[in-house]
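Each remark here refers to the structure printed beneath this line.
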Amino acid sequence: MPFARLASATTPTCHIGLGLAAVGRPGYINLGRDEDLGPDRGVDALRTRTHELLDAAYAQGVRYVDAARSYGRSEEFLADWLKARPDIADIVVGSKWGYTYTADWTTDAEHHEIKDHGVATYARQRAETAELLGDRLDLYQIHSVTPDSPALTDKELHAMLAEEAARGVTIGFSTSGPAQADAIRAALAVTVDGEPLFRTVQSTYNALETSAAPALAEAHDAGLTVIVKEGMANGRLAESHAPDALRTVAAETSLGCDAVALALILRQPWAGVVLSGAATIHQLASNLHAAVVDLDEDQLTRLATLAEEPRAYWEKRGSLPWH
């Protein structure tokens with residue numbers, strides 16, 4: 001398991017990862033992108049921004065980086081960064097397959113990504129990832145598994161993924177939607193030759209969407225590394241959009257709403273890695289303060305009131321425009 005490397009890390013930020021969804025492509029659903037990215041979203045500008053974020057994250061103890069085939073040129077940007085820094089050997093690199101990026105570097109495409117969990121898509125995208133990341137890839141995840149995903153039942157796909165695992169790449173999956181818990185439990189039951197196929201799970205969990213927690217605890221108990229994504233709820237928990245209870249607790253800690261929101265996740269005993277989706281150096285620095293936030297029981301009780309009904313949360317997320 002590549003995440004065993006993190007066990008020996010001593011920096012408080014080693015369990016915070018950097019996700020590249022917000023900087024690998026010009027358009028995304030996060031709130032505040034106009035302020036974060038400005039008008040220049042050309043390939044060179046976002047490559048430079050990604051490399052600056054990676055440099056800052058590494059310098060501050062971050063050791064997991066998360067990309068995906070559908071995150072525009074995220075794998076390419078990450079590969080360029082790694083090639084320019086051959087001495088960096090302690091980064092854990094994860095990517096995902098299952099969505100194809102279709103926006104052609106625009107922000108107003110009719111479809112920004114198309115989902116397909118079939119074996120043909122896996123074979124094509126695995127080759128594309130290999131061309132860019134080569135043997136630096138540690139973790140390959142099925143992107144956004146839902147309970148009806150064919151990836152949960154396709155024995156041919158399972159055999160292909162097991163072969164990849166035998167070659168040394170850890171196999172995982174991510175989840176999305178109001179039935180994340182069902183998808184997690186179904187994936188935990190997938191075996192090949194009597195052995196569990198998946199060794200990691202990446203799910204959405206934040207102050208507004210807590211429904212996957214029991215299933216994530218079960219996954220952790222089963223030996224999987226749990227990666228938490230969308231801890232900032234696509235910007236809904238950032239300073240300018242945060243609900244009053246979060247603002248109040250943040251003021252009490254003298255840190256940002258983002259640090260408190262991520263600290264709430266880091267304190268979960270099942271959370272192995274919590275992703276920062278920072279798009280700026282300032283956001284990254286603020287996010288990393290999560291490692292030193294100490295929340296008391298009264299503050300935790302107040303933050304617990306923010307949780308929404310899962311279907312309402314995902315409907316809200318689905319209505320966020322691509323900026």
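Residues in the structure tokens are numbered from 1 in each chain, the chains being A, B, ... in the order shown, and ligands are numbered from 1 in the order shown.
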TODO: Using DSSP on the backbone, list every residue of stretch 72-301 of chain A that comes out as strand (DSSP E or B), and give them as a PyMOL selection string.
DONE: chain A and resi 92-97+99-101+113-115+139-145+170-175+191-192+195-196+200-204+225-229+273-276
Take the residues from that selection and write them out as a CSV table (one decimal), in the first residue's frame, keeping N, CA and C atoms.
chain,number,residue,atom,x,y,z
A,92,VAL,N,3.0,10.3,-3.0
A,92,VAL,CA,2.0,9.3,-3.4
A,92,VAL,C,1.1,9.9,-4.5
A,93,VAL,N,1.1,9.2,-5.6
A,93,VAL,CA,0.4,9.8,-6.8
A,93,VAL,C,-0.9,8.9,-7.1
A,94,GLY,N,-2.0,9.6,-7.1
A,94,GLY,CA,-3.3,8.9,-7.4
A,94,GLY,C,-3.9,9.6,-8.6
A,95,SER,N,-4.6,8.7,-9.4
A,95,SER,CA,-5.4,9.3,-10.5
A,95,SER,C,-6.7,8.4,-10.6
A,96,LYS,N,-7.5,8.8,-11.6
A,96,LYS,CA,-8.8,8.2,-11.7
A,96,LYS,C,-9.2,8.0,-13.2
A,97,TRP,N,-9.9,7.0,-13.5
A,97,TRP,CA,-10.4,6.8,-14.8
A,97,TRP,C,-12.0,6.6,-14.7
A,99,TYR,N,-14.3,8.9,-16.4
A,99,TYR,CA,-14.8,10.1,-17.0
A,99,TYR,C,-13.8,10.5,-18.1
A,100,THR,N,-14.4,10.9,-19.3
A,100,THR,CA,-13.5,11.5,-20.3
A,100,THR,C,-13.8,13.0,-20.4
A,101,TYR,N,-12.7,13.8,-20.4
A,101,TYR,CA,-12.8,15.2,-20.5
A,101,TYR,C,-13.2,15.6,-21.9
A,113,GLU,N,-17.6,16.5,-19.2
A,113,GLU,CA,-17.0,15.2,-19.1
A,113,GLU,C,-18.1,14.2,-19.3
A,114,ILE,N,-17.8,13.0,-19.8
A,114,ILE,CA,-18.7,11.9,-20.1
A,114,ILE,C,-18.3,10.7,-19.3
A,115,LYS,N,-19.2,10.1,-18.6
A,115,LYS,CA,-18.9,8.9,-17.7
A,115,LYS,C,-19.1,7.6,-18.5
A,139,LEU,N,-1.8,4.8,-7.3
A,139,LEU,CA,-3.2,4.5,-7.1
A,139,LEU,C,-4.0,4.9,-8.3
A,140,TYR,N,-4.8,3.9,-8.7
A,140,TYR,CA,-5.7,4.1,-9.9
A,140,TYR,C,-7.1,3.8,-9.4
A,141,GLN,N,-8.0,4.8,-9.5
A,141,GLN,CA,-9.4,4.7,-8.9
A,141,GLN,C,-10.4,4.8,-10.0
A,142,ILE,N,-11.5,4.0,-9.8
A,142,ILE,CA,-12.7,4.2,-10.6
A,142,ILE,C,-13.4,5.5,-10.2
A,143,HIS,N,-13.7,6.3,-11.2
A,143,HIS,CA,-14.2,7.7,-10.9
A,143,HIS,C,-15.7,7.7,-10.7
A,144,SER,N,-16.1,8.1,-9.5
A,144,SER,CA,-17.6,8.3,-9.2
A,144,SER,C,-18.4,7.0,-9.3
A,145,VAL,N,-18.1,6.0,-8.6
A,145,VAL,CA,-19.0,4.8,-8.5
A,145,VAL,C,-20.3,5.1,-7.8
A,170,THR,N,-2.0,0.2,-6.7
A,170,THR,CA,-3.2,0.0,-5.8
A,170,THR,C,-4.5,0.4,-6.5
A,171,ILE,N,-5.5,-0.4,-6.3
A,171,ILE,CA,-6.8,-0.1,-7.0
A,171,ILE,C,-7.8,0.4,-6.0
A,172,GLY,N,-8.5,1.5,-6.4
A,172,GLY,CA,-9.5,2.1,-5.5
A,172,GLY,C,-10.7,2.6,-6.3
A,173,PHE,N,-11.6,3.3,-5.6
A,173,PHE,CA,-12.7,3.8,-6.3
A,173,PHE,C,-13.1,5.1,-5.5
A,174,SER,N,-13.8,6.0,-6.3
A,174,SER,CA,-14.4,7.1,-5.6
A,174,SER,C,-15.9,7.0,-5.8
A,175,THR,N,-16.6,7.8,-5.0
A,175,THR,CA,-18.1,7.8,-5.0
A,175,THR,C,-18.7,9.2,-5.1
A,191,THR,N,-14.7,-9.1,-4.8
A,191,THR,CA,-13.5,-9.9,-4.6
A,191,THR,C,-13.1,-10.5,-6.0
A,192,VAL,N,-11.8,-10.8,-6.1
A,192,VAL,CA,-11.2,-11.5,-7.2
A,192,VAL,C,-10.4,-12.6,-6.6
A,195,GLU,N,-10.1,-12.5,-2.8
A,195,GLU,CA,-9.4,-11.4,-2.2
A,195,GLU,C,-10.1,-10.1,-2.5
A,196,PRO,N,-10.2,-9.1,-1.6
A,196,PRO,CA,-10.9,-7.9,-1.9
A,196,PRO,C,-10.1,-7.1,-3.0
A,200,THR,N,-8.6,1.3,-1.5
A,200,THR,CA,-8.9,2.7,-1.1
A,200,THR,C,-10.3,3.1,-1.6
A,201,VAL,N,-10.9,4.1,-0.8
A,201,VAL,CA,-12.1,4.6,-1.2
A,201,VAL,C,-12.0,6.2,-1.1
A,202,GLN,N,-12.5,6.9,-2.0
A,202,GLN,CA,-12.5,8.4,-2.0
A,202,GLN,C,-13.9,8.8,-2.1
A,203,SER,N,-14.4,9.5,-1.0
A,203,SER,CA,-15.8,9.9,-1.0
A,203,SER,C,-16.0,11.4,-0.6
A,204,THR,N,-17.1,11.9,-0.9
A,204,THR,CA,-17.5,13.3,-0.4
A,204,THR,C,-18.0,13.2,1.0
A,225,THR,N,-7.8,2.5,2.9
A,225,THR,CA,-7.5,3.9,3.1
A,225,THR,C,-8.6,4.7,2.6
A,226,VAL,N,-9.1,5.6,3.5
A,226,VAL,CA,-10.2,6.5,3.2
A,226,VAL,C,-9.6,7.9,2.8
A,227,ILE,N,-10.0,8.3,1.6
A,227,ILE,CA,-9.6,9.6,1.1
A,227,ILE,C,-10.9,10.5,1.0
A,228,VAL,N,-10.9,11.7,1.6
A,228,VAL,CA,-12.0,12.5,1.6
A,228,VAL,C,-11.9,13.6,0.6
A,229,LYS,N,-12.9,13.8,-0.3
A,229,LYS,CA,-12.9,14.9,-1.3
A,229,LYS,C,-14.0,15.8,-1.0
A,273,VAL,N,-6.7,10.4,4.4
A,273,VAL,CA,-6.2,11.6,3.7
A,273,VAL,C,-7.4,12.5,3.4
A,274,VAL,N,-7.2,13.8,3.7
A,274,VAL,CA,-8.3,14.8,3.4
A,274,VAL,C,-7.7,15.7,2.3
A,275,LEU,N,-8.4,15.9,1.2
A,275,LEU,CA,-7.9,16.6,0.1
A,275,LEU,C,-8.2,18.1,0.2
A,276,SER,N,-7.2,18.9,-0.1
A,276,SER,CA,-7.4,20.3,-0.3
A,276,SER,C,-7.6,20.5,-1.8
- [ ] Write out as an MDAnalysis selection string which residues come within 12 Å of A:Asp108 when counting only C-alpha atoms, dropping same-chain ones fewer than 6 positions away.
- [x] chainID A and resid 26:29 102 321:323
Open item on the list: Would you pick out the contacts of A:Pro150 at 8 Å or less, using only C-alpha atoms, so that residues sharing its chain but fewer than 4 positions from it are not included, and give the list as a list of chain:residue names?
Closed with: A:His117, A:Gly118, A:Asp154
